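One structure is given here, and the rest of the page talks about it.
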Amino acid sequence: MFLQQLINGVALGSTYALIALGYTMVYGIITLINFAHGEIYMVGAFVGLFATSIFKLNFLVAMLIAMVVCVLLGVFVERIAYRPLRKSSRLSALISAIGVSIFLSTLAQMLFGANAKGYPEGVFPVKQIHIGSAEISTLQLLIIAISAILMISLEFIVHKTKIGKAMRATSEDYNTAALMGINVNMVISFTFALGSALAAAGGVLVGILFNAVSFNMGLMAGLKAFAAAVLGGIGSIPGAMLGGLLLGVTEVGGVAIGFSSYRDAIAFAILVLVLLVKPTGLLGRKIQKKV
Amino acid sequence: MGDFLLLLTGSINPYYLQIIVNIGIGIILALGLNVITGLTGQLSLGHAAFMSIGAFTSALLTIKLGMPFFANLVLTGFITAGVAALIGLPILRLTGDYLAICTLGFAEIVKVVFLNLDITNKALGLTVPSAITAVPMPIVVWLVVLLTIICVTFIHSSRFGRALMAVRGDEIAAEAMGINVTLYKVQSFAIGAFLAGVGGGLYAHFMGYINPSDFGFLKSVDILSMIVLGGLGSITGSVIGASILSAAPEFLRFMASYRMLVYGGLLVCMMIFRPNGLMGGINFTSLVLRTLGRKPHLKTIMEQKTAETSGPCNGDT
């Protein structure tokens, strides 16, 4: 029973973590809460849905296509809605992000209708594996595996490549990085691209897991992923992973012990409680204020 | 008097009347959030939670206790402010985005709790009987709006308001000046929540039906957009922003399903072309005085200044 819930929680949590990474990376670089990120995830789920149902593609191929589409969308949104606002107050950029979010979800509602849609049957052949009393589906294992692979590649990109070094430099100090000859605009676009790709992968995986894709799936998932990012310490990549897993496990655990109608509140209650004890999140850096 | 006003409001198309009342309630909410975010600089993404608390408190006071409307509104305001102070005391120690996400989380928790309580009728929502007042409801709403504008103007130009602005400018410097930062933050939070509670009470009694899902994240965003659109910290800006954004969905109604699409696009464009809001950096009083000719126009001041500085130079050469 415990193992069962743990696996369920980790599977859900790793999808939260995939979305949370996008929030945390963008925040780390331009301190913007990208509220449109949840919508990118929703678009990813829809692209995956069409690729598997209309074009009958293998779901891995569909996931790659969704990632490519969302990369383009994410970079486009950054170019149109955030770049002109880079020098103005952070709140204006925040409102702009919210505007994009409303725009994209309404567009999705108009194009795809208000009803939730399911992935075609047999897109991923699910088998149940018994380990002791726990029953684990191959789908859950696949979600955990894909998330792990994506997160490890992200760690590799951020810490071992030149562009990753540029990203870290930009997040450390935007102006100095520009003075050192780093093409800051390119780095920011790249960050949006990485985050959007991860969100798209998360969207496809969640779409298959819950077998429901709808125009408003981005809102709650986005808020929870954002909560996960803050829980782990916003701006910190391992923090987002940890926060996502923690939220997933507590949410599933809370539902299991009978708080199912409070499902959406559990994540936020944990978040508020943790922030009261550790005001900068679990792995966040303590910022020393100077006068 | 009451009959005359009833006749007056009765002669207006009920649809327009509803828009007018919505604008009024929007202004009250926006002014409340403007005290928290515009004046004190504490970003709150959960203002709709206080509106929700106010709406349900006031509805329950009417339904269960049959309290007279004005006492009801005042009591609702104080209860909401009390809740805000209780919540604010621990979470206002957080700063910036951590505070923002905490208020957001609080709002979600309030929504889910109201969706599960028996007293709020769970997901079905409450039907609220219309209030018994001496003057018609729209007039009541706008009287409250006027009162709110007057009070908030006093706050802005008072010692208290200047302390809040000092907190917004730099917390450490404010503390060094002897301002009790936490106390002032909690007070501004409570004032903002008081107004949100009153706005919620008016909303509940005017609409006649409230549902916890009406006060979700999007409602908070709506209120925040109003004050950012109008210009943070500006009272005139909040009033204008609230008027535009409360009326916009109605005026965009002819576009039917494109409505929210345009709304989203409009928010982005507004921010790109006027990032500091419509009234950002504009002093409304001096603007009025200038147009009335009571104060010299900016252009003439500039001309005088250039004339003064360039005058002697011209003489030398």
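As shown in the structure tokens, the chain order sets the letters A, B, ...; within each chain, residues go from 1, and ligands are also counted from 1 in the order they appear.
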At a cut-off of 9 Å, can you tabulate as a tab-separated table every residue of region 21-107 of chain B near region 138-152 of chain B together with its closest atom pair and the distance in Å to one decimal, using only C-alpha atoms and ordering rows by chain then number?
```
residue	atom	partner	partner_atom	distance
B:Val21	CA	B:Pro138	CA	5.7
B:Gly24	CA	B:Trp142	CA	6.0
B:Ile25	CA	B:Val141	CA	7.0
B:Ile27	CA	B:Val145	CA	6.9
B:Ile28	CA	B:Val145	CA	5.9
B:Leu31	CA	B:Val152	CA	7.4
B:Gly32	CA	B:Val152	CA	8.5
B:Val35	CA	B:Val152	CA	7.9
```
Preceding selection exported with C-alpha atoms as an mmCIF file, in the first residue's frame:
```
data_model
loop_
_atom_site.group_PDB
_atom_site.id
_atom_site.type_symbol
_atom_site.label_atom_id
_atom_site.label_comp_id
_atom_site.auth_asym_id
_atom_site.auth_seq_id
_atom_site.Cartn_x
_atom_site.Cartn_y
_atom_site.Cartn_z
ATOM 1 C CA VAL B 21 -22.472 48.329 -10.281
ATOM 2 C CA GLY B 24 -18.232 50.290 -8.620
ATOM 3 C CA ILE B 25 -17.371 46.976 -6.951
ATOM 4 C CA ILE B 27 -13.132 50.146 -7.969
ATOM 5 C CA ILE B 28 -13.549 49.203 -4.291
ATOM 6 C CA LEU B 31 -8.421 50.518 -4.286
ATOM 7 C CA GLY B 32 -8.047 47.883 -1.575
ATOM 8 C CA VAL B 35 -3.105 49.959 -0.673
#
```
Taking only C-alpha atoms into account, produce a table as CSV in which each residue of region 79-120 of chain A with an atom at most 10 Å from an atom of region 227-232 of chain B appears once, together with its shortest atom pair and the distance in Å to one decimal, ordered by chain and rising number.
```
residue,atom,partner,partner_atom,distance
A:Leu91,CA,B:Val228,CA,7.3
A:Ser92,CA,B:Val228,CA,6.9
A:Leu94,CA,B:Val228,CA,9.8
A:Ile95,CA,B:Val228,CA,7.7
```
**Prompt:** What does the distance between CA of Val272 (chain A) and CA of Ser220 (chain B) come to in Å, to one decimal place?
**Reply:**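 Straight-line distance from CA of Val272 (chain A) to CA of Ser220 (chain B) works out to 18.1 Å.
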**Message:** Only residues of chain A matter here; which ones have an atom within 6 Å of chain B, counting only C-alpha atoms? Give them as a ChimeraX atom specification.
**Reply:** /A:92,96,99-100,102-103,106,265,268,272
Include N, CA and C atoms and write out the residues we just selected as a PDB file, in the first residue's frame.
```pdb
ATOM      1  N   SER A  92       4.748  44.684 -14.648  1.00  0.00           N
ATOM      2  CA  SER A  92       4.215  44.810 -16.006  1.00  0.00           C
ATOM      3  C   SER A  92       4.459  43.526 -16.780  1.00  0.00           C
ATOM      4  N   SER A  96       1.732  40.991 -18.375  1.00  0.00           N
ATOM      5  CA  SER A  96       1.858  40.588 -19.772  1.00  0.00           C
ATOM      6  C   SER A  96       1.821  39.059 -19.878  1.00  0.00           C
ATOM      7  N   GLY A  99      -1.604  37.928 -19.479  1.00  0.00           N
ATOM      8  CA  GLY A  99      -2.338  38.178 -20.716  1.00  0.00           C
ATOM      9  C   GLY A  99      -2.110  37.075 -21.723  1.00  0.00           C
ATOM     10  N   VAL A 100      -0.847  36.672 -21.896  1.00  0.00           N
ATOM     11  CA  VAL A 100      -0.523  35.587 -22.825  1.00  0.00           C
ATOM     12  C   VAL A 100      -1.243  34.309 -22.414  1.00  0.00           C
ATOM     13  N   ILE A 102      -4.060  33.948 -20.686  1.00  0.00           N
ATOM     14  CA  ILE A 102      -5.493  34.022 -21.005  1.00  0.00           C
ATOM     15  C   ILE A 102      -5.695  33.839 -22.503  1.00  0.00           C
ATOM     16  N   PHE A 103      -4.838  34.483 -23.288  1.00  0.00           N
ATOM     17  CA  PHE A 103      -4.940  34.409 -24.750  1.00  0.00           C
ATOM     18  C   PHE A 103      -4.819  32.960 -25.220  1.00  0.00           C
ATOM     19  N   THR A 106      -7.759  30.659 -24.130  1.00  0.00           N
ATOM     20  CA  THR A 106      -8.991  30.938 -24.880  1.00  0.00           C
ATOM     21  C   THR A 106      -8.873  30.432 -26.304  1.00  0.00           C
ATOM     22  N   ALA A 265      -5.840  21.780  -2.370  1.00  0.00           N
ATOM     23  CA  ALA A 265      -5.349  22.643  -1.290  1.00  0.00           C
ATOM     24  C   ALA A 265      -4.094  22.073  -0.644  1.00  0.00           C
ATOM     25  N   PHE A 268      -0.746  23.554  -1.714  1.00  0.00           N
ATOM     26  CA  PHE A 268      -0.526  24.928  -1.270  1.00  0.00           C
ATOM     27  C   PHE A 268      -0.348  25.011   0.235  1.00  0.00           C
ATOM     28  N   VAL A 272       2.816  26.782   1.992  1.00  0.00           N
ATOM     29  CA  VAL A 272       2.757  27.875   2.961  1.00  0.00           C
ATOM     30  C   VAL A 272       3.494  27.481   4.238  1.00  0.00           C
TER      31      VAL A 272
END
```
**Request:** Write out as a ChimeraX atom specification each polymer residue whose atoms come within 9 Å of Gln4 (chain A), counting only C-alpha atoms; drop sequence neighbours fewer than 6 positions from it.
**Result:** /A:133-136
**Message:** Report as a VMD selection string all protein, DNA and RNA residues lying within 10 Å of region 49-53 of chain B, evaluated on only C-alpha atoms, omitting residues in the same chain fewer than 3 positions from it.
**Reply:** chain B and resid 29 45 to 46 56 to 59 76 to 77 79 to 81 83 to 84 103 to 111 114 190 192 to 204 210 to 217 219 to 220
Any chance you could export the current selection's N, CA and C atoms as a compact mmCIF listing (two decimals), in the first residue's frame?
```txt
# COMPACT_ATOMS: atom_id res chain seq x y z
N LEU B 29 -12.53 47.07 -4.90
CA LEU B 29 -11.53 46.01 -4.79
C LEU B 29 -10.15 46.52 -5.21
N LEU B 45 -1.26 37.96 -4.79
CA LEU B 45 -1.96 37.28 -5.90
C LEU B 45 -3.21 36.58 -5.37
N GLY B 46 -3.68 37.00 -4.19
CA GLY B 46 -4.83 36.30 -3.61
C GLY B 46 -5.89 37.24 -3.10
N PHE B 56 -19.04 35.59 1.55
CA PHE B 56 -19.71 34.52 2.30
C PHE B 56 -20.07 34.97 3.71
N THR B 57 -19.18 35.75 4.36
CA THR B 57 -19.50 36.23 5.70
C THR B 57 -20.77 37.07 5.66
N SER B 58 -20.79 38.00 4.72
CA SER B 58 -21.92 38.90 4.67
C SER B 58 -23.20 38.15 4.30
N ALA B 59 -23.09 37.20 3.38
CA ALA B 59 -24.27 36.41 3.01
C ALA B 59 -24.79 35.63 4.21
N THR B 76 -18.71 42.70 8.34
CA THR B 76 -18.01 41.88 7.34
C THR B 76 -16.61 42.41 7.09
N GLY B 77 -16.54 43.73 6.91
CA GLY B 77 -15.24 44.35 6.67
C GLY B 77 -14.27 44.04 7.80
N ILE B 79 -14.41 41.60 10.04
CA ILE B 79 -14.06 40.17 10.11
C ILE B 79 -12.99 39.84 9.07
N THR B 80 -13.21 40.32 7.83
CA THR B 80 -12.23 40.05 6.77
C THR B 80 -10.86 40.63 7.15
N ALA B 81 -10.88 41.86 7.67
CA ALA B 81 -9.62 42.49 8.07
C ALA B 81 -8.95 41.68 9.17
N VAL B 83 -9.21 38.41 9.68
CA VAL B 83 -8.62 37.22 9.06
C VAL B 83 -7.31 37.59 8.37
N ALA B 84 -7.34 38.72 7.64
CA ALA B 84 -6.14 39.15 6.91
C ALA B 84 -4.99 39.41 7.88
N THR B 103 0.31 34.15 -0.91
CA THR B 103 -1.05 34.69 -0.99
C THR B 103 -1.87 33.88 -1.99
N LEU B 104 -1.21 33.48 -3.09
CA LEU B 104 -1.89 32.65 -4.08
C LEU B 104 -2.32 31.33 -3.46
N GLY B 105 -1.40 30.73 -2.71
CA GLY B 105 -1.72 29.46 -2.05
C GLY B 105 -2.86 29.63 -1.06
N PHE B 106 -2.81 30.73 -0.30
CA PHE B 106 -3.87 31.00 0.67
C PHE B 106 -5.21 31.10 -0.04
N ALA B 107 -5.23 31.79 -1.20
CA ALA B 107 -6.48 31.96 -1.93
C ALA B 107 -7.03 30.62 -2.40
N GLU B 108 -6.13 29.75 -2.88
CA GLU B 108 -6.58 28.44 -3.33
C GLU B 108 -7.14 27.63 -2.16
N ILE B 109 -6.47 27.74 -1.01
CA ILE B 109 -6.93 27.00 0.17
C ILE B 109 -8.32 27.49 0.57
N VAL B 110 -8.50 28.82 0.60
CA VAL B 110 -9.82 29.37 0.97
C VAL B 110 -10.89 28.83 0.02
N LYS B 111 -10.55 28.82 -1.29
CA LYS B 111 -11.53 28.36 -2.27
C LYS B 111 -11.91 26.91 -2.01
N PHE B 114 -14.01 26.51 1.20
CA PHE B 114 -15.40 26.93 0.99
C PHE B 114 -16.16 25.93 0.12
N ALA B 190 -4.54 44.54 6.26
CA ALA B 190 -5.87 44.51 6.86
C ALA B 190 -6.78 45.54 6.20
N GLY B 192 -6.55 46.71 3.10
CA GLY B 192 -6.90 46.19 1.77
C GLY B 192 -7.96 45.11 1.88
N ALA B 193 -7.82 44.23 2.88
CA ALA B 193 -8.78 43.13 3.03
C ALA B 193 -10.14 43.66 3.48
N PHE B 194 -10.12 44.72 4.31
CA PHE B 194 -11.38 45.32 4.75
C PHE B 194 -12.19 45.75 3.52
N LEU B 195 -11.51 46.47 2.61
CA LEU B 195 -12.19 46.94 1.40
C LEU B 195 -12.64 45.77 0.54
N ALA B 196 -11.79 44.74 0.44
CA ALA B 196 -12.18 43.57 -0.35
C ALA B 196 -13.40 42.90 0.27
N GLY B 197 -13.43 42.84 1.61
CA GLY B 197 -14.57 42.23 2.29
C GLY B 197 -15.86 43.00 2.01
N VAL B 198 -15.77 44.34 2.11
CA VAL B 198 -16.95 45.17 1.84
C VAL B 198 -17.38 44.97 0.38
N GLY B 199 -16.40 44.98 -0.53
CA GLY B 199 -16.72 44.76 -1.95
C GLY B 199 -17.39 43.41 -2.15
N GLY B 200 -16.87 42.39 -1.45
CA GLY B 200 -17.47 41.06 -1.56
C GLY B 200 -18.90 41.03 -1.05
N GLY B 201 -19.14 41.74 0.08
CA GLY B 201 -20.48 41.80 0.65
C GLY B 201 -21.46 42.45 -0.33
N LEU B 202 -21.02 43.56 -0.93
CA LEU B 202 -21.87 44.24 -1.91
C LEU B 202 -22.15 43.33 -3.09
N TYR B 203 -21.09 42.66 -3.55
CA TYR B 203 -21.21 41.75 -4.69
C TYR B 203 -22.24 40.66 -4.40
N ALA B 204 -22.12 40.05 -3.19
CA ALA B 204 -23.02 38.95 -2.83
C ALA B 204 -24.47 39.42 -2.85
N ILE B 210 -23.68 33.45 -4.93
CA ILE B 210 -22.22 33.39 -4.90
C ILE B 210 -21.76 31.95 -4.88
N ASN B 211 -20.65 31.72 -5.53
CA ASN B 211 -20.07 30.38 -5.59
C ASN B 211 -18.57 30.51 -5.35
N PRO B 212 -17.99 29.62 -4.52
CA PRO B 212 -16.56 29.76 -4.22
C PRO B 212 -15.70 29.79 -5.48
N SER B 213 -16.14 29.11 -6.54
CA SER B 213 -15.32 29.06 -7.75
C SER B 213 -15.26 30.41 -8.46
N ASP B 214 -16.21 31.32 -8.13
CA ASP B 214 -16.15 32.65 -8.75
C ASP B 214 -14.95 33.45 -8.28
N PHE B 215 -14.39 33.06 -7.13
CA PHE B 215 -13.31 33.87 -6.55
C PHE B 215 -11.98 33.14 -6.67
N GLY B 216 -11.71 32.64 -7.85
CA GLY B 216 -10.49 31.87 -8.05
C GLY B 216 -9.31 32.76 -8.41
N PHE B 217 -8.27 32.12 -8.90
CA PHE B 217 -7.04 32.81 -9.27
C PHE B 217 -7.31 33.90 -10.31
N LYS B 219 -9.86 35.75 -10.76
CA LYS B 219 -10.43 36.97 -10.17
C LYS B 219 -9.33 37.81 -9.54
N SER B 220 -8.42 37.16 -8.83
CA SER B 220 -7.29 37.89 -8.23
C SER B 220 -6.49 38.59 -9.32
```
**Asked** Excluding same-chain residues fewer than 5 positions from Val255 (chain A), what lies within 12 Å of it counting only C-alpha atoms, as a PyMOL selection string?
**Response** chain A and resi 5+8-9+248-250+260-267
Mind writing the picked residues with C-alpha atoms as a PDB file, in the first residue's frame?
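Result written to selection17.pdb:
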```pdb
ATOM      1  CA  GLN A   5       1.168   5.320  -3.140  1.00  0.00           C
ATOM      2  CA  ASN A   8       1.893   7.011  -7.754  1.00  0.00           C
ATOM      3  CA  GLY A   9       3.199  10.093  -6.007  1.00  0.00           C
ATOM      4  CA  GLY A 248       3.370  14.883  -5.889  1.00  0.00           C
ATOM      5  CA  VAL A 249       4.003  12.474  -3.044  1.00  0.00           C
ATOM      6  CA  THR A 250       2.191  14.574  -0.406  1.00  0.00           C
ATOM      7  CA  SER A 260      -9.534  13.692  -1.655  1.00  0.00           C
ATOM      8  CA  SER A 261     -11.879  16.699  -1.782  1.00  0.00           C
ATOM      9  CA  TYR A 262      -9.066  18.885  -0.482  1.00  0.00           C
ATOM     10  CA  ARG A 263      -6.701  17.627  -3.171  1.00  0.00           C
ATOM     11  CA  ASP A 264      -5.881  21.023  -4.683  1.00  0.00           C
ATOM     12  CA  ALA A 265      -5.349  22.643  -1.290  1.00  0.00           C
ATOM     13  CA  ILE A 266      -2.780  20.091  -0.051  1.00  0.00           C
ATOM     14  CA  ALA A 267       0.001  21.323  -2.320  1.00  0.00           C
TER      15      ALA A 267
END
```
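Here CA of Pro238 (chain A) stands at a distance of 26.5 Å from CA of Ile65 (chain A).
Closest to Leu141 (chain A) among A:Met1, A:Val26, A:Leu209, A:Ala11 is A:Ala11, based on only C-alpha atoms.
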**Request:** Would you mind listing what lies within 12 Å of region 175-181 of chain A as a PyMOL selection string, with only C-alpha atoms counted and same-chain residues fewer than 6 positions away left out?
**Result:** chain A and resi 29-30+87+165-169+187-188
**Request:** From region 114-153 of chain A, collect each residue whose DSSP state is strand (DSSP E or B) and return the set as an MDAnalysis selection string.
**Result:** chainID A and resid 117 128:131 134:137
Just-selected residues, N, CA and C atoms written as a PDB file, in the first residue's frame:
```pdb
ATOM      1  N   LYS A 117     -10.474  15.805 -23.930  1.00  0.00           N
ATOM      2  CA  LYS A 117     -10.301  14.753 -24.921  1.00  0.00           C
ATOM      3  C   LYS A 117      -9.294  13.728 -24.405  1.00  0.00           C
ATOM      4  N   GLN A 128       0.617  -4.288 -16.044  1.00  0.00           N
ATOM      5  CA  GLN A 128       0.760  -4.119 -14.604  1.00  0.00           C
ATOM      6  C   GLN A 128       1.862  -5.030 -14.093  1.00  0.00           C
ATOM      7  N   ILE A 129       2.701  -4.467 -13.259  1.00  0.00           N
ATOM      8  CA  ILE A 129       3.755  -5.283 -12.652  1.00  0.00           C
ATOM      9  C   ILE A 129       3.453  -5.393 -11.168  1.00  0.00           C
ATOM     10  N   HIS A 130       3.549  -6.587 -10.619  1.00  0.00           N
ATOM     11  CA  HIS A 130       3.284  -6.751  -9.195  1.00  0.00           C
ATOM     12  C   HIS A 130       4.593  -6.823  -8.428  1.00  0.00           C
ATOM     13  N   ILE A 131       4.729  -5.941  -7.483  1.00  0.00           N
ATOM     14  CA  ILE A 131       5.879  -6.013  -6.588  1.00  0.00           C
ATOM     15  C   ILE A 131       5.304  -6.095  -5.185  1.00  0.00           C
ATOM     16  N   ALA A 134       2.050  -4.195  -4.111  1.00  0.00           N
ATOM     17  CA  ALA A 134       1.867  -3.014  -4.949  1.00  0.00           C
ATOM     18  C   ALA A 134       1.685  -3.398  -6.406  1.00  0.00           C
ATOM     19  N   GLU A 135       0.877  -2.618  -7.083  1.00  0.00           N
ATOM     20  CA  GLU A 135       0.630  -2.863  -8.494  1.00  0.00           C
ATOM     21  C   GLU A 135       1.085  -1.624  -9.260  1.00  0.00           C
ATOM     22  N   ILE A 136       2.127  -1.796 -10.041  1.00  0.00           N
ATOM     23  CA  ILE A 136       2.705  -0.640 -10.711  1.00  0.00           C
ATOM     24  C   ILE A 136       2.525  -0.817 -12.203  1.00  0.00           C
ATOM     25  N   SER A 137       2.036   0.234 -12.860  1.00  0.00           N
ATOM     26  CA  SER A 137       1.863   0.113 -14.307  1.00  0.00           C
ATOM     27  C   SER A 137       3.155   0.513 -15.004  1.00  0.00           C
TER      28      SER A 137
END
```
**Prompt:** So, counting only C-alpha atoms, which residue among A:Gly233, A:Gly118, A:Gly253, A:Gly258 is closest to Val274 (chain A)?
**Reply:**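 Looking at the shortest contact to Val274 (chain A), the residue is A:Gly233.
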What residues in region 148-215 of chain A get the DSSP label helix (DSSP H, G or I)? Please answer as a PDB file with C-alpha atoms, in the first residue's frame.
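See part.pdb below for the written result:
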```pdb
ATOM      1  CA  ALA A 148      14.705  11.273 -15.037  1.00  0.00           C
ATOM      2  CA  ILE A 149      16.384  11.193 -18.451  1.00  0.00           C
ATOM      3  CA  LEU A 150      15.200  14.718 -19.278  1.00  0.00           C
ATOM      4  CA  MET A 151      16.320  16.090 -15.918  1.00  0.00           C
ATOM      5  CA  ILE A 152      19.739  14.457 -16.184  1.00  0.00           C
ATOM      6  CA  SER A 153      20.172  15.908 -19.685  1.00  0.00           C
ATOM      7  CA  LEU A 154      19.164  19.302 -18.331  1.00  0.00           C
ATOM      8  CA  GLU A 155      21.760  19.059 -15.562  1.00  0.00           C
ATOM      9  CA  PHE A 156      24.296  18.093 -18.220  1.00  0.00           C
ATOM     10  CA  ILE A 157      23.389  21.069 -20.426  1.00  0.00           C
ATOM     11  CA  VAL A 158      23.474  23.539 -17.557  1.00  0.00           C
ATOM     12  CA  HIS A 159      26.745  22.346 -16.023  1.00  0.00           C
ATOM     13  CA  LYS A 160      28.823  20.866 -18.820  1.00  0.00           C
ATOM     14  CA  LYS A 162      29.137  26.356 -23.043  1.00  0.00           C
ATOM     15  CA  ILE A 163      25.565  27.592 -23.357  1.00  0.00           C
ATOM     16  CA  GLY A 164      24.889  26.231 -19.871  1.00  0.00           C
ATOM     17  CA  LYS A 165      27.786  28.223 -18.547  1.00  0.00           C
ATOM     18  CA  ALA A 166      26.365  31.293 -20.283  1.00  0.00           C
ATOM     19  CA  MET A 167      23.003  30.600 -18.663  1.00  0.00           C
ATOM     20  CA  ARG A 168      24.532  30.384 -15.227  1.00  0.00           C
ATOM     21  CA  ALA A 169      26.525  33.551 -15.825  1.00  0.00           C
ATOM     22  CA  THR A 170      23.433  35.431 -16.984  1.00  0.00           C
ATOM     23  CA  SER A 171      21.449  34.311 -13.969  1.00  0.00           C
ATOM     24  CA  GLU A 172      24.299  35.374 -11.693  1.00  0.00           C
ATOM     25  CA  TYR A 174      22.662  39.959 -16.230  1.00  0.00           C
ATOM     26  CA  ASN A 175      24.700  43.089 -16.979  1.00  0.00           C
ATOM     27  CA  THR A 176      28.114  41.662 -16.274  1.00  0.00           C
ATOM     28  CA  ALA A 177      27.337  38.659 -18.449  1.00  0.00           C
ATOM     29  CA  ALA A 178      26.457  41.007 -21.290  1.00  0.00           C
ATOM     30  CA  LEU A 179      29.730  42.882 -20.760  1.00  0.00           C
ATOM     31  CA  VAL A 184      22.112  37.624 -23.360  1.00  0.00           C
ATOM     32  CA  ASN A 185      19.064  37.681 -25.627  1.00  0.00           C
ATOM     33  CA  MET A 186      20.097  34.389 -27.151  1.00  0.00           C
ATOM     34  CA  VAL A 187      20.646  32.863 -23.716  1.00  0.00           C
ATOM     35  CA  ILE A 188      17.215  33.959 -22.565  1.00  0.00           C
ATOM     36  CA  SER A 189      15.587  32.538 -25.703  1.00  0.00           C
ATOM     37  CA  PHE A 190      17.465  29.298 -25.113  1.00  0.00           C
ATOM     38  CA  THR A 191      16.218  29.168 -21.523  1.00  0.00           C
ATOM     39  CA  PHE A 192      12.637  29.597 -22.680  1.00  0.00           C
ATOM     40  CA  ALA A 193      13.213  26.894 -25.287  1.00  0.00           C
ATOM     41  CA  LEU A 194      14.540  24.430 -22.701  1.00  0.00           C
ATOM     42  CA  GLY A 195      11.717  25.133 -20.267  1.00  0.00           C
ATOM     43  CA  SER A 196       9.057  24.833 -22.960  1.00  0.00           C
ATOM     44  CA  ALA A 197      10.467  21.538 -24.212  1.00  0.00           C
ATOM     45  CA  LEU A 198      10.296  20.078 -20.702  1.00  0.00           C
ATOM     46  CA  ALA A 199       6.756  21.386 -20.205  1.00  0.00           C
ATOM     47  CA  ALA A 200       5.663  19.839 -23.512  1.00  0.00           C
ATOM     48  CA  ALA A 201       7.086  16.481 -22.483  1.00  0.00           C
ATOM     49  CA  GLY A 202       5.243  16.815 -19.179  1.00  0.00           C
ATOM     50  CA  GLY A 203       2.035  17.652 -21.037  1.00  0.00           C
ATOM     51  CA  VAL A 204       2.178  14.567 -23.236  1.00  0.00           C
ATOM     52  CA  LEU A 205       3.003  12.310 -20.279  1.00  0.00           C
ATOM     53  CA  VAL A 206       0.184  13.707 -18.131  1.00  0.00           C
ATOM     54  CA  GLY A 207      -2.192  13.482 -21.087  1.00  0.00           C
ATOM     55  CA  ILE A 208      -1.481   9.769 -21.404  1.00  0.00           C
ATOM     56  CA  LEU A 209      -1.480   9.176 -17.642  1.00  0.00           C
ATOM     57  CA  PHE A 210      -4.871  10.785 -16.927  1.00  0.00           C
TER      58      PHE A 210
END
```
**Prompt:** What does the distance between CA of Met165 (chain B) and CA of Ile191 (chain B) come to in Å, to one decimal place?
**Reply:**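 These atoms are spaced 14.8 Å apart.
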